[in-house]
Amino acid sequence: MSSAETLAPPAGAAASRRTAAARSPYDVEAVRRDFPILSRRVHGKPLVYLDNAATTQKPVPVLDAERDVYERIYANIHRGVHLLSVESTDAYDAVRGKVRALVNAPDAREIIFLRGTTEAVNLVAQTYGRRNVGPGDEVLITALEHHSNIVPWQMLCEEKGATLRVAPINQKGEVPLDTFRALVTDRTKIAAVAHVSNALGTVNPIREMADITHARGIPLLVDGAQAVPRLPVDVQELGCDFYAFSGHKVYGPSGTGVLWGRAALLEAMPPWQGGGDMISSVTFEKTTWNVLPYKFEAGTPNIAGVIALGAAIDYVTSLGLDRIEAHEDDLLAYATECVQSIPDVRLIGTAAKKAAVLSFTIEGVHPHDIGTVLDREGIAVRTGHHCAQPVMDFFRVPATARASFGLYNTRQEVDVLAGGIRQVIRMFR
Amino acid sequence: MSSDLRDLYQETILDHGKRPRNFCELAAANRKAEGYNPLCGDRETVFLELEGDLVRDISFQGAGCAISTASASMMTESLKGKSRPEAEALFQRFHDLITGGSSAPADAPPLGKLEVFSGVREYPVRIKCATLPWHTMRSALNGAGQTVSTESGAEASPKDEPSAGPVPPVAC
Ligand SMILES: Cc1ncc(COP(=O)(O)O)c(C=O)c1O
């Protein structure tokens with residue numbers, strides 16, 4: 001476990017991580033065998049799991065890691081002198097090093113384990129936000145955000161008498177930087193944007209956005225829920241100040257998630273939840289807060305889940321996020337071509353830079369009906385508003401159907417999807 | 001199409017889904033209610049012309065899936081000319097049909113063509129699609145008139161919700 005720290009890339013490694021995209025692809029059939037669920041059948045058909053933006057399936061090493069914790073070392077962490085507690089604590093804290101390396105954070109103390117992206121955004125809104133946003137101030141988000149990067153800010157603005165500003169998207173589903181820039185004002189206190197949109201697939205230009213907010217001294221929070229599973233993320237290269245993601249979307253257990261924040265910001269922030277582990281001493285008169293990251297980790301966390309998240313990180317890093325990105329880019333390009341050639345299909349989200357998400361509607365057919373017919377073919381897609389109702393509003397659709405790819409999907413599965421869509425059209429038109 | 005899908009999407013349902021009847025805004029309506037399913041964005045308005053206890057006329061507008069559109073369409077056909085207690089009893093019978101329950105009074109009107117919705121029972125996630133128009137109709141009938149949400153407890157204030165798409169109102 002302690003080898004995690006040695007995974008730390010040397011300075012400048014970000015560039016070489018990207019050039020490595022030319023490496024040969026991995027053997028997707030071998031990879032699929034690591035995911036037991038992929039061999040199950042659904043309504044008598046082989047499962048074609050294309051709902052990876054909602055959550056991802058788990059490989060055997062993740063399942064083994066979680067089981068191993070309970071079979072061999074499980075005890076509560078940070079509080080026992082007995083061996084099991086020490087081993088559990090070591091295994092848990094070692095995952096911070098893995099996360100640090102995964103997103104190239106400067107310091108493992110800046111990695112806070114939480115329940116997921118939603119909790120991470122709420123933490124920042126309720127601590128940094130409550131301390132720094134006041135009446136008449138503004139919080140800036142974009143029009144493509146997931147509800148979990150809208151509602152916490154709305155709640156904050158409501159409480160503080162502040163205003164939520166929304167940088168618009170264009171018809172392709174991109175956030176134009178000039179309008180984003182124009183909305184950063186003297187009153188803006190924090191900006192929060194998705195790295196990759198779950199409803200549209202758009203990849204936002206985070207580096208440029210960070211430069212824009214930093215020009216006015218404003219921190220940028222990035223919702224990386226959809227990015228961490230599918231592209232190399234380097235928070236130092238991105239230049240953002242907070243970065244949030246969910247373990248369950250990166251092939252790890254649900255109920256695990258991460259907030260990375262710059263140490264200086266995290267240190268200045270008040271704690272969020274009070275309880276055990278987040279304090280260094282408690283009397284009834286006064287409590288002193290623990291140091292980072294424990295200050296933000298009140299109570300017994302998802303111990304086995306976090307340790308298994310470490311196994312998931314090992315899994316994706318050994319495949320290589322550059323290769324995963326290349327694999328999913330290929331699937332997305334192929335799927336876009338296949339689906340676009342079907343008359344009456346409209347793609348929602350056609351940004352120049354996209355990742356692994358294919359949102360679409362079929363003229364005259366409700367996405368719910370699309371979902372039911374595809375399900376009977378064994379194809380799992382998401383239908384609905386994808387927790388991004390403002391995006392649906394913008395494109396004037398009540399909902400879309402969304403296929404989203406993971407590291408284990410194949411071109412054959414895209415063919416099955418295209419066949420399913422043709423069947424939907426035959427049936428309803 | 002596989003045979004079990006046929007059980008859900010019967011010919012009549014596909015037909016009403018594509019060409020809904022009484023799909024218009026009733027000029028003489030004295031009751032209306034809006035139904036909303038936040039999970040799939042379905043939104044339907046039911047218009048009623050009520051004369052005493054009699055449903056003189058009924059129509060609907062909105063955007064929904066094939067199941068909810070067909071359900072609304074066939075509901076309007078079967079409720080026209082019914083009394084309020086008959087409408088209520090028919091709702092119970094319809095509800096029983098798709099949930100496998102048995103709460104309808106014995107003297108409830110026969111389902112007739114509405115029997116085609118029996119296949120919905122096998123698709124639990126689609127039950128709300130079929131019942132949304134009926135719940136909305138009851139709300140209009142009882143004069144409550146506010147938005148009915150399939151998610152009880154979900155606040156459904158119209159200004160916060162997405163538009164149901166480009167469906168221009170058409171007068172009956
Ligand atoms: C872009 C984006 N942000 C945030 C979330 C919320 O993640 P979680 O539900 O794991 O907290 C999701 C997941 O649906 C997402 O896709």
# chains A, B, ... in the order shown; residues from 1 in each chain; ligands from 1
>>> closest_atom_pairs(of="chain A", to="ligand 1", cutoff="8 Å", atoms="only C-alpha atoms and all ligand atoms", output="JSON lines")
{"residue": "A:Ala53", "atom": "CA", "partner": "ligand 1", "partner_atom_place_in_ligand_line": "16 (O)", "distance": 6.1}
{"residue": "A:Ala54", "atom": "CA", "partner": "ligand 1", "partner_atom_place_in_ligand_line": "14 (O)", "distance": 5.3}
{"residue": "A:Thr55", "atom": "CA", "partner": "ligand 1", "partner_atom_place_in_ligand_line": "14 (O)", "distance": 7.5}
{"residue": "A:Arg115", "atom": "CA", "partner": "ligand 1", "partner_atom_place_in_ligand_line": "11 (O)", "distance": 7.0}
{"residue": "A:Gly116", "atom": "CA", "partner": "ligand 1", "partner_atom_place_in_ligand_line": "11 (O)", "distance": 4.2}
{"residue": "A:Thr117", "atom": "CA", "partner": "ligand 1", "partner_atom_place_in_ligand_line": "11 (O)", "distance": 3.9}
{"residue": "A:Thr118", "atom": "CA", "partner": "ligand 1", "partner_atom_place_in_ligand_line": "11 (O)", "distance": 3.6}
{"residue": "A:Glu119", "atom": "CA", "partner": "ligand 1", "partner_atom_place_in_ligand_line": "11 (O)", "distance": 6.2}
{"residue": "A:Ala120", "atom": "CA", "partner": "ligand 1", "partner_atom_place_in_ligand_line": "11 (O)", "distance": 7.8}
{"residue": "A:Glu145", "atom": "CA", "partner": "ligand 1", "partner_atom_place_in_ligand_line": "1 (C)", "distance": 6.6}
{"residue": "A:His146", "atom": "CA", "partner": "ligand 1", "partner_atom_place_in_ligand_line": "3 (N)", "distance": 5.0}
{"residue": "A:His147", "atom": "CA", "partner": "ligand 1", "partner_atom_place_in_ligand_line": "4 (C)", "distance": 7.3}
{"residue": "A:Ser148", "atom": "CA", "partner": "ligand 1", "partner_atom_place_in_ligand_line": "4 (C)", "distance": 5.3}
{"residue": "A:Asn149", "atom": "CA", "partner": "ligand 1", "partner_atom_place_in_ligand_line": "3 (N)", "distance": 6.5}
{"residue": "A:Ala194", "atom": "CA", "partner": "ligand 1", "partner_atom_place_in_ligand_line": "1 (C)", "distance": 5.9}
{"residue": "A:His195", "atom": "CA", "partner": "ligand 1", "partner_atom_place_in_ligand_line": "1 (C)", "distance": 7.6}
{"residue": "A:Val196", "atom": "CA", "partner": "ligand 1", "partner_atom_place_in_ligand_line": "1 (C)", "distance": 6.4}
{"residue": "A:Ser197", "atom": "CA", "partner": "ligand 1", "partner_atom_place_in_ligand_line": "1 (C)", "distance": 5.3}
{"residue": "A:Asn198", "atom": "CA", "partner": "ligand 1", "partner_atom_place_in_ligand_line": "16 (O)", "distance": 4.4}
{"residue": "A:Ala199", "atom": "CA", "partner": "ligand 1", "partner_atom_place_in_ligand_line": "16 (O)", "distance": 7.6}
{"residue": "A:Asp223", "atom": "CA", "partner": "ligand 1", "partner_atom_place_in_ligand_line": "3 (N)", "distance": 5.7}
{"residue": "A:Gly224", "atom": "CA", "partner": "ligand 1", "partner_atom_place_in_ligand_line": "1 (C)", "distance": 6.7}
{"residue": "A:Ala225", "atom": "CA", "partner": "ligand 1", "partner_atom_place_in_ligand_line": "2 (C)", "distance": 4.9}
{"residue": "A:Gln226", "atom": "CA", "partner": "ligand 1", "partner_atom_place_in_ligand_line": "1 (C)", "distance": 5.4}
{"residue": "A:Phe245", "atom": "CA", "partner": "ligand 1", "partner_atom_place_in_ligand_line": "7 (O)", "distance": 7.2}
{"residue": "A:Ser246", "atom": "CA", "partner": "ligand 1", "partner_atom_place_in_ligand_line": "10 (O)", "distance": 4.7}
{"residue": "A:Gly247", "atom": "CA", "partner": "ligand 1", "partner_atom_place_in_ligand_line": "10 (O)", "distance": 7.4}
{"residue": "A:His248", "atom": "CA", "partner": "ligand 1", "partner_atom_place_in_ligand_line": "10 (O)", "distance": 6.7}
{"residue": "A:Lys249", "atom": "CA", "partner": "ligand 1", "partner_atom_place_in_ligand_line": "10 (O)", "distance": 7.1}
{"residue": "A:Ser254", "atom": "CA", "partner": "ligand 1", "partner_atom_place_in_ligand_line": "10 (O)", "distance": 7.5}
{"residue": "A:Gly255", "atom": "CA", "partner": "ligand 1", "partner_atom_place_in_ligand_line": "10 (O)", "distance": 7.7}
{"residue": "A:Gly257", "atom": "CA", "partner": "ligand 1", "partner_atom_place_in_ligand_line": "10 (O)", "distance": 7.2}
{"residue": "A:His386", "atom": "CA", "partner": "ligand 1", "partner_atom_place_in_ligand_line": "14 (O)", "distance": 7.4}
{"residue": "A:Cys387", "atom": "CA", "partner": "ligand 1", "partner_atom_place_in_ligand_line": "14 (O)", "distance": 7.1}
>>> closest_atom_pairs(of="chain A", to="chain B", cutoff="6 Å", atoms="only C-alpha atoms", output="CSV")
residue,atom,partner,partner_atom,distance
A:His366,CA,B:Cys65,CA,4.7
A:Gly384,CA,B:Cys40,CA,4.6
A:Asp393,CA,B:Pro162,CA,5.2
A:Arg396,CA,B:Gly165,CA,5.0
A:Val397,CA,B:Gly165,CA,5.1
A:Pro398,CA,B:Gly41,CA,4.8
>>> write_last_selection(atoms="N, CA and C atoms", output="PDB file, in the first residue's frame")
ATOM      1  N   HIS A 366     -40.763   9.161 -27.363  1.00  0.00           N
ATOM      2  CA  HIS A 366     -40.324   9.640 -26.055  1.00  0.00           C
ATOM      3  C   HIS A 366     -39.155   8.795 -25.546  1.00  0.00           C
ATOM      4  N   GLY A 384     -34.132  10.196 -19.347  1.00  0.00           N
ATOM      5  CA  GLY A 384     -34.632  11.154 -18.379  1.00  0.00           C
ATOM      6  C   GLY A 384     -33.886  12.459 -18.529  1.00  0.00           C
ATOM      7  N   ASP A 393     -34.092  21.903 -20.686  1.00  0.00           N
ATOM      8  CA  ASP A 393     -34.826  23.128 -21.018  1.00  0.00           C
ATOM      9  C   ASP A 393     -34.196  23.849 -22.189  1.00  0.00           C
ATOM     10  N   ARG A 396     -34.877  22.318 -25.283  1.00  0.00           N
ATOM     11  CA  ARG A 396     -36.315  22.192 -25.458  1.00  0.00           C
ATOM     12  C   ARG A 396     -36.757  20.743 -25.646  1.00  0.00           C
ATOM     13  N   VAL A 397     -36.205  19.882 -24.830  1.00  0.00           N
ATOM     14  CA  VAL A 397     -36.646  18.484 -24.813  1.00  0.00           C
ATOM     15  C   VAL A 397     -36.983  18.145 -23.359  1.00  0.00           C
ATOM     16  N   PRO A 398     -37.986  17.287 -23.135  1.00  0.00           N
ATOM     17  CA  PRO A 398     -38.302  16.934 -21.755  1.00  0.00           C
ATOM     18  C   PRO A 398     -37.259  15.979 -21.166  1.00  0.00           C
TER      19      PRO A 398
END
>>> closest_residue(among="B:Arg31, B:Arg138, B:Arg121, B:Arg84", to="Asp53 in chain B", atoms="only C-alpha atoms")
B:Arg84
>>> residues_around(residues="Gly371 in chain A", least_positions_apart="4", cutoff="10 Å", atoms="only C-alpha atoms", output="PyMOL selection string")
chain A and resi 366-367+375-377+379-384+400-402+420-421+424
>>> write_last_selection(atoms="all heavy atoms", output="compact mmCIF listing (two decimals), in the first residue's frame")
# COMPACT_ATOMS: atom_id res chain seq x y z
N HIS A 366 -40.76 9.16 -27.36
CA HIS A 366 -40.32 9.64 -26.06
C HIS A 366 -39.15 8.79 -25.55
O HIS A 366 -39.15 7.57 -25.72
CB HIS A 366 -41.50 9.56 -25.08
CG HIS A 366 -41.25 10.30 -23.80
ND1 HIS A 366 -40.49 9.78 -22.78
CD2 HIS A 366 -41.64 11.53 -23.39
CE1 HIS A 366 -40.44 10.65 -21.79
NE2 HIS A 366 -41.12 11.72 -22.13
N PRO A 367 -38.16 9.44 -24.91
CA PRO A 367 -37.00 8.68 -24.41
C PRO A 367 -37.39 7.52 -23.49
O PRO A 367 -36.70 6.49 -23.49
CB PRO A 367 -36.22 9.74 -23.62
CG PRO A 367 -36.57 11.03 -24.29
CD PRO A 367 -38.00 10.90 -24.74
N ASP A 375 -34.01 -1.78 -23.26
CA ASP A 375 -33.83 -2.67 -22.11
C ASP A 375 -34.17 -4.11 -22.48
O ASP A 375 -33.48 -5.05 -22.08
CB ASP A 375 -34.71 -2.20 -20.95
CG ASP A 375 -34.67 -3.16 -19.78
OD1 ASP A 375 -33.56 -3.46 -19.30
OD2 ASP A 375 -35.74 -3.61 -19.33
N ARG A 376 -35.24 -4.29 -23.26
CA ARG A 376 -35.63 -5.65 -23.66
C ARG A 376 -34.60 -6.28 -24.59
O ARG A 376 -34.60 -7.50 -24.78
CB ARG A 376 -37.01 -5.64 -24.34
CG ARG A 376 -38.12 -5.34 -23.37
CD ARG A 376 -38.43 -6.54 -22.50
NE ARG A 376 -38.83 -6.11 -21.17
CZ ARG A 376 -39.49 -6.86 -20.29
NH1 ARG A 376 -39.84 -8.08 -20.60
NH2 ARG A 376 -39.78 -6.40 -19.10
N GLU A 377 -33.74 -5.44 -25.17
CA GLU A 377 -32.64 -5.97 -25.98
C GLU A 377 -31.38 -6.16 -25.15
O GLU A 377 -30.30 -6.43 -25.69
CB GLU A 377 -32.34 -5.01 -27.15
CG GLU A 377 -33.47 -4.92 -28.17
CD GLU A 377 -33.77 -6.28 -28.80
OE1 GLU A 377 -32.82 -6.96 -29.22
OE2 GLU A 377 -34.96 -6.66 -28.82
N ILE A 379 -29.94 -3.78 -23.48
CA ILE A 379 -29.11 -2.56 -23.52
C ILE A 379 -29.54 -1.62 -22.40
O ILE A 379 -30.69 -1.19 -22.36
CB ILE A 379 -29.29 -1.83 -24.87
CG1 ILE A 379 -29.04 -2.80 -26.03
CG2 ILE A 379 -28.37 -0.62 -24.95
CD1 ILE A 379 -29.53 -2.24 -27.37
N ALA A 380 -28.60 -1.31 -21.50
CA ALA A 380 -28.90 -0.39 -20.40
C ALA A 380 -28.43 1.01 -20.78
O ALA A 380 -27.23 1.26 -20.94
CB ALA A 380 -28.19 -0.85 -19.12
N VAL A 381 -29.41 1.89 -20.99
CA VAL A 381 -29.08 3.31 -21.20
C VAL A 381 -29.89 4.10 -20.18
O VAL A 381 -30.85 3.60 -19.61
CB VAL A 381 -29.42 3.82 -22.62
CG1 VAL A 381 -28.61 3.09 -23.68
CG2 VAL A 381 -30.93 3.73 -22.90
N ARG A 382 -29.51 5.33 -19.99
CA ARG A 382 -30.28 6.18 -19.08
C ARG A 382 -31.26 6.99 -19.90
O ARG A 382 -30.90 7.47 -20.98
CB ARG A 382 -29.30 7.12 -18.35
CG ARG A 382 -29.95 8.17 -17.48
CD ARG A 382 -30.14 7.69 -16.06
NE ARG A 382 -30.94 8.67 -15.32
CZ ARG A 382 -30.44 9.62 -14.55
NH1 ARG A 382 -29.13 9.72 -14.40
NH2 ARG A 382 -31.22 10.46 -13.92
N THR A 383 -32.48 7.11 -19.42
CA THR A 383 -33.41 8.02 -20.06
C THR A 383 -33.97 8.94 -19.00
O THR A 383 -34.19 8.53 -17.87
CB THR A 383 -34.57 7.28 -20.74
OG1 THR A 383 -35.28 6.53 -19.75
CG2 THR A 383 -34.10 6.36 -21.83
N GLY A 384 -34.13 10.20 -19.35
CA GLY A 384 -34.63 11.15 -18.38
C GLY A 384 -33.89 12.46 -18.53
O GLY A 384 -33.35 12.75 -19.60
N THR A 400 -33.77 13.06 -22.56
CA THR A 400 -33.06 12.43 -23.67
C THR A 400 -32.79 10.97 -23.29
O THR A 400 -32.95 10.58 -22.14
CB THR A 400 -31.69 13.09 -23.98
OG1 THR A 400 -30.75 12.74 -22.95
CG2 THR A 400 -31.79 14.61 -24.11
N ALA A 401 -32.36 10.20 -24.28
CA ALA A 401 -31.78 8.90 -24.00
C ALA A 401 -30.27 9.11 -24.04
O ALA A 401 -29.77 9.89 -24.84
CB ALA A 401 -32.20 7.88 -25.05
N ARG A 402 -29.56 8.44 -23.16
CA ARG A 402 -28.12 8.67 -23.10
C ARG A 402 -27.37 7.35 -23.03
O ARG A 402 -27.57 6.57 -22.11
CB ARG A 402 -27.78 9.51 -21.87
CG ARG A 402 -26.28 9.74 -21.70
CD ARG A 402 -25.96 10.37 -20.36
NE ARG A 402 -26.15 9.43 -19.26
CZ ARG A 402 -26.05 9.74 -17.97
NH1 ARG A 402 -25.80 10.98 -17.62
NH2 ARG A 402 -26.23 8.83 -17.05
N GLY A 420 -30.72 -1.54 -31.88
CA GLY A 420 -31.82 -1.28 -30.96
C GLY A 420 -32.55 0.00 -31.34
O GLY A 420 -33.78 0.07 -31.30
N ILE A 421 -31.80 1.02 -31.70
CA ILE A 421 -32.42 2.30 -32.07
C ILE A 421 -33.26 2.12 -33.34
O ILE A 421 -34.37 2.65 -33.45
CB ILE A 421 -31.33 3.38 -32.27
CG1 ILE A 421 -30.67 3.71 -30.92
CG2 ILE A 421 -31.92 4.64 -32.89
CD1 ILE A 421 -29.47 4.64 -31.01
N VAL A 424 -36.48 0.59 -32.38
CA VAL A 424 -37.37 1.58 -31.77
C VAL A 424 -38.11 2.35 -32.86
O VAL A 424 -39.33 2.54 -32.80
CB VAL A 424 -36.57 2.57 -30.89
CG1 VAL A 424 -37.46 3.73 -30.44
CG2 VAL A 424 -35.97 1.86 -29.68
>>> atom_distance(atom1="CA of Leu48 in chain B", atom2="CA of Ala29 in chain B")
5.0 Å
>>> closest_residue(among="A:Val339, A:Ala352, A:Val258, A:Ala308", to="Asn204 in chain A", atoms="only C-alpha atoms")
A:Ala352
>>> closest_residue(among="A:Tyr251, A:Tyr49, A:Trp260, A:Tyr334", to="Val316 in chain A", atoms="only C-alpha atoms")
A:Tyr251
>>> residues_around(residues="Glu363 in chain A", least_positions_apart="4", cutoff="8 Å", atoms="only C-alpha atoms", output="compact mmCIF listing (two decimals) with C-alpha atoms, in the first residue's frame")
# COMPACT_ATOMS: atom_id res chain seq x y z
CA ASP A 344 -34.80 11.02 -37.17
CA VAL A 345 -32.09 10.73 -34.51
CA ARG A 346 -30.97 14.03 -33.04
>>> residues_around(residues="Phe180 in chain A", least_positions_apart="2", cutoff="12 Å", atoms="only C-alpha atoms", output="PyMOL selection string")
chain A and resi 140-143+165-170+174-178+182-185+188+191-193+204-206+208-213
>>> select_by_dssp(residues="range 68-152 of chain B", states="alpha helix (DSSP H)", output="PyMOL selection string")
chain B and resi 68-79+84-99+127-141
>>> write_last_selection(atoms="C-alpha atoms", output="CSV table (one decimal), in the first residue's frame")
chain,number,residue,atom,x,y,z
B,68,SER,CA,-48.9,8.1,-20.9
B,69,THR,CA,-50.2,9.7,-24.1
B,70,ALA,CA,-52.2,6.7,-25.0
B,71,SER,CA,-53.5,6.4,-21.5
B,72,ALA,CA,-54.6,10.0,-21.5
B,73,SER,CA,-56.2,9.7,-24.9
B,74,MET,CA,-58.1,6.5,-24.1
B,75,MET,CA,-59.1,7.9,-20.7
B,76,THR,CA,-60.7,10.9,-22.4
B,77,GLU,CA,-62.7,8.6,-24.7
B,78,SER,CA,-63.9,6.4,-21.8
B,79,LEU,CA,-64.9,9.3,-19.5
B,84,ARG,CA,-68.3,11.7,-11.3
B,85,PRO,CA,-68.8,8.5,-9.2
B,86,GLU,CA,-68.5,6.5,-12.4
B,87,ALA,CA,-65.2,8.2,-13.3
B,88,GLU,CA,-63.9,7.6,-9.8
B,89,ALA,CA,-64.9,3.9,-10.0
B,90,LEU,CA,-63.3,3.5,-13.4
B,91,PHE,CA,-60.1,5.0,-12.1
B,92,GLN,CA,-60.1,2.4,-9.4
B,93,ARG,CA,-60.7,-0.4,-11.9
B,94,PHE,CA,-57.9,0.9,-14.1
B,95,HIS,CA,-55.6,1.2,-11.2
B,96,ASP,CA,-56.4,-2.4,-10.2
B,97,LEU,CA,-55.7,-3.6,-13.7
B,98,ILE,CA,-52.1,-2.2,-13.9
B,99,THR,CA,-51.1,-2.8,-10.3
B,127,ILE,CA,-46.9,2.2,-14.1
B,128,LYS,CA,-46.6,5.9,-13.3
B,129,CYS,CA,-46.7,6.7,-17.0
B,130,ALA,CA,-50.1,5.1,-17.3
B,131,THR,CA,-51.6,6.5,-14.1
B,132,LEU,CA,-50.4,10.1,-14.4
B,133,PRO,CA,-53.3,11.2,-16.7
B,134,TRP,CA,-55.8,9.5,-14.3
B,135,HIS,CA,-54.4,11.2,-11.2
B,136,THR,CA,-54.4,14.5,-13.1
B,137,MET,CA,-58.1,13.9,-14.1
B,138,ARG,CA,-59.0,13.3,-10.5
B,139,SER,CA,-57.3,16.4,-9.4
B,140,ALA,CA,-59.3,18.4,-12.0
B,141,LEU,CA,-62.5,16.6,-11.0
>>> atom_distance(atom1="CA of Lys80 in chain B", atom2="CA of Val55 in chain B")
5.7 Å
>>> closest_residue(among="A:Asn122, A:Gly97, A:Thr350, A:Thr372", to="Val120 in chain B", atoms="only C-alpha atoms")
A:Thr372
>>> atom_distance(atom1="CA of Arg56 in chain B", atom2="CA of Glu34 in chain B")
19.3 Å
>>> residues_around(residues="Val170 in chain B", least_positions_apart="2", cutoff="12 Å", atoms="only C-alpha atoms", output="ChimeraX atom specification")
/B:22-27,59-62,167-168,172
>>> write_last_selection(atoms="C-alpha atoms", output="PDB file, in the first residue's frame")
ATOM      1  CA  ASN B  22     -59.195  14.719 -27.713  1.00  0.00           C
ATOM      2  CA  PHE B  23     -55.716  16.200 -27.810  1.00  0.00           C
ATOM      3  CA  CYS B  24     -56.605  19.867 -27.552  1.00  0.00           C
ATOM      4  CA  GLU B  25     -57.452  22.658 -25.193  1.00  0.00           C
ATOM      5  CA  LEU B  26     -61.140  22.549 -24.355  1.00  0.00           C
ATOM      6  CA  ALA B  27     -62.594  26.051 -24.751  1.00  0.00           C
ATOM      7  CA  SER B  59     -59.509  16.723 -23.364  1.00  0.00           C
ATOM      8  CA  PHE B  60     -55.794  16.828 -22.693  1.00  0.00           C
ATOM      9  CA  GLN B  61     -52.607  18.449 -23.930  1.00  0.00           C
ATOM     10  CA  GLY B  62     -48.952  17.942 -23.246  1.00  0.00           C
ATOM     11  CA  VAL B 167     -46.182  21.601 -28.079  1.00  0.00           C
ATOM     12  CA  PRO B 168     -48.326  24.512 -29.161  1.00  0.00           C
ATOM     13  CA  CYS B 172     -60.734  21.784 -29.507  1.00  0.00           C
TER      14      CYS B 172
END
>>> closest_residue(among="A:Ala304, A:Ile348, A:Leu407, A:Met269", to="Trp289 in chain A", atoms="only C-alpha atoms")
A:Met269
>>> select_by_dssp(residues="range 44-148 of chain B", states="strand (DSSP E or B)", output="PDB file with N, CA and C atoms, in the first residue's frame")
ATOM      1  N   GLU B  44     -48.702  16.771 -18.599  1.00  0.00           N
ATOM      2  CA  GLU B  44     -49.983  16.745 -19.288  1.00  0.00           C
ATOM      3  C   GLU B  44     -50.978  17.630 -18.557  1.00  0.00           C
ATOM      4  N   THR B  45     -51.806  18.334 -19.321  1.00  0.00           N
ATOM      5  CA  THR B  45     -52.896  19.098 -18.719  1.00  0.00           C
ATOM      6  C   THR B  45     -54.202  18.449 -19.132  1.00  0.00           C
ATOM      7  N   VAL B  46     -55.046  18.201 -18.151  1.00  0.00           N
ATOM      8  CA  VAL B  46     -56.374  17.624 -18.431  1.00  0.00           C
ATOM      9  C   VAL B  46     -57.417  18.725 -18.275  1.00  0.00           C
ATOM     10  N   PHE B  47     -58.284  18.846 -19.288  1.00  0.00           N
ATOM     11  CA  PHE B  47     -59.358  19.848 -19.269  1.00  0.00           C
ATOM     12  C   PHE B  47     -60.692  19.135 -19.117  1.00  0.00           C
ATOM     13  N   LEU B  48     -61.549  19.672 -18.252  1.00  0.00           N
ATOM     14  CA  LEU B  48     -62.862  19.067 -18.029  1.00  0.00           C
ATOM     15  C   LEU B  48     -63.963  20.104 -18.209  1.00  0.00           C
ATOM     16  N   GLU B  49     -65.016  19.695 -18.885  1.00  0.00           N
ATOM     17  CA  GLU B  49     -66.228  20.496 -18.841  1.00  0.00           C
ATOM     18  C   GLU B  49     -67.219  19.709 -17.995  1.00  0.00           C
ATOM     19  N   LEU B  50     -67.410  20.199 -16.809  1.00  0.00           N
ATOM     20  CA  LEU B  50     -68.238  19.489 -15.846  1.00  0.00           C
ATOM     21  C   LEU B  50     -69.592  20.186 -15.752  1.00  0.00           C
ATOM     22  N   GLU B  51     -70.650  19.376 -15.857  1.00  0.00           N
ATOM     23  CA  GLU B  51     -71.983  19.958 -15.711  1.00  0.00           C
ATOM     24  C   GLU B  51     -72.660  19.224 -14.566  1.00  0.00           C
ATOM     25  N   LEU B  54     -71.766  15.562 -14.138  1.00  0.00           N
ATOM     26  CA  LEU B  54     -71.557  14.896 -15.418  1.00  0.00           C
ATOM     27  C   LEU B  54     -70.324  15.452 -16.155  1.00  0.00           C
ATOM     28  N   VAL B  55     -69.478  14.511 -16.630  1.00  0.00           N
ATOM     29  CA  VAL B  55     -68.349  14.920 -17.471  1.00  0.00           C
ATOM     30  C   VAL B  55     -68.895  15.112 -18.894  1.00  0.00           C
ATOM     31  N   ARG B  56     -69.221  16.352 -19.217  1.00  0.00           N
ATOM     32  CA  ARG B  56     -69.767  16.618 -20.560  1.00  0.00           C
ATOM     33  C   ARG B  56     -68.706  16.449 -21.622  1.00  0.00           C
ATOM     34  N   ASP B  57     -67.513  16.995 -21.299  1.00  0.00           N
ATOM     35  CA  ASP B  57     -66.419  16.885 -22.269  1.00  0.00           C
ATOM     36  C   ASP B  57     -65.098  16.830 -21.522  1.00  0.00           C
ATOM     37  N   ILE B  58     -64.118  16.260 -22.195  1.00  0.00           N
ATOM     38  CA  ILE B  58     -62.804  16.117 -21.552  1.00  0.00           C
ATOM     39  C   ILE B  58     -61.734  16.083 -22.644  1.00  0.00           C
ATOM     40  N   SER B  59     -60.612  16.733 -22.400  1.00  0.00           N
ATOM     41  CA  SER B  59     -59.509  16.723 -23.364  1.00  0.00           C
ATOM     42  C   SER B  59     -58.187  16.803 -22.604  1.00  0.00           C
ATOM     43  N   PHE B  60     -57.106  16.664 -23.346  1.00  0.00           N
ATOM     44  CA  PHE B  60     -55.794  16.828 -22.693  1.00  0.00           C
ATOM     45  C   PHE B  60     -54.789  17.389 -23.686  1.00  0.00           C
ATOM     46  N   GLN B  61     -53.718  17.930 -23.135  1.00  0.00           N
ATOM     47  CA  GLN B  61     -52.607  18.449 -23.930  1.00  0.00           C
ATOM     48  C   GLN B  61     -51.326  18.113 -23.201  1.00  0.00           C
ATOM     49  N   GLY B  62     -50.226  18.116 -23.925  1.00  0.00           N
ATOM     50  CA  GLY B  62     -48.952  17.942 -23.246  1.00  0.00           C
ATOM     51  C   GLY B  62     -48.018  17.048 -24.024  1.00  0.00           C
ATOM     52  N   ALA B  63     -46.931  16.680 -23.378  1.00  0.00           N
ATOM     53  CA  ALA B  63     -45.936  15.835 -24.010  1.00  0.00           C
ATOM     54  C   ALA B  63     -45.583  14.708 -23.069  1.00  0.00           C
ATOM     55  N   SER B  83     -70.550   9.943 -15.126  1.00  0.00           N
ATOM     56  CA  SER B  83     -70.782  10.751 -13.928  1.00  0.00           C
ATOM     57  C   SER B  83     -69.502  10.767 -13.097  1.00  0.00           C
ATOM     58  N   VAL B 148     -50.177  18.015 -10.291  1.00  0.00           N
ATOM     59  CA  VAL B 148     -50.073  16.709  -9.672  1.00  0.00           C
ATOM     60  C   VAL B 148     -48.719  16.140 -10.039  1.00  0.00           C
TER      61      VAL B 148
END
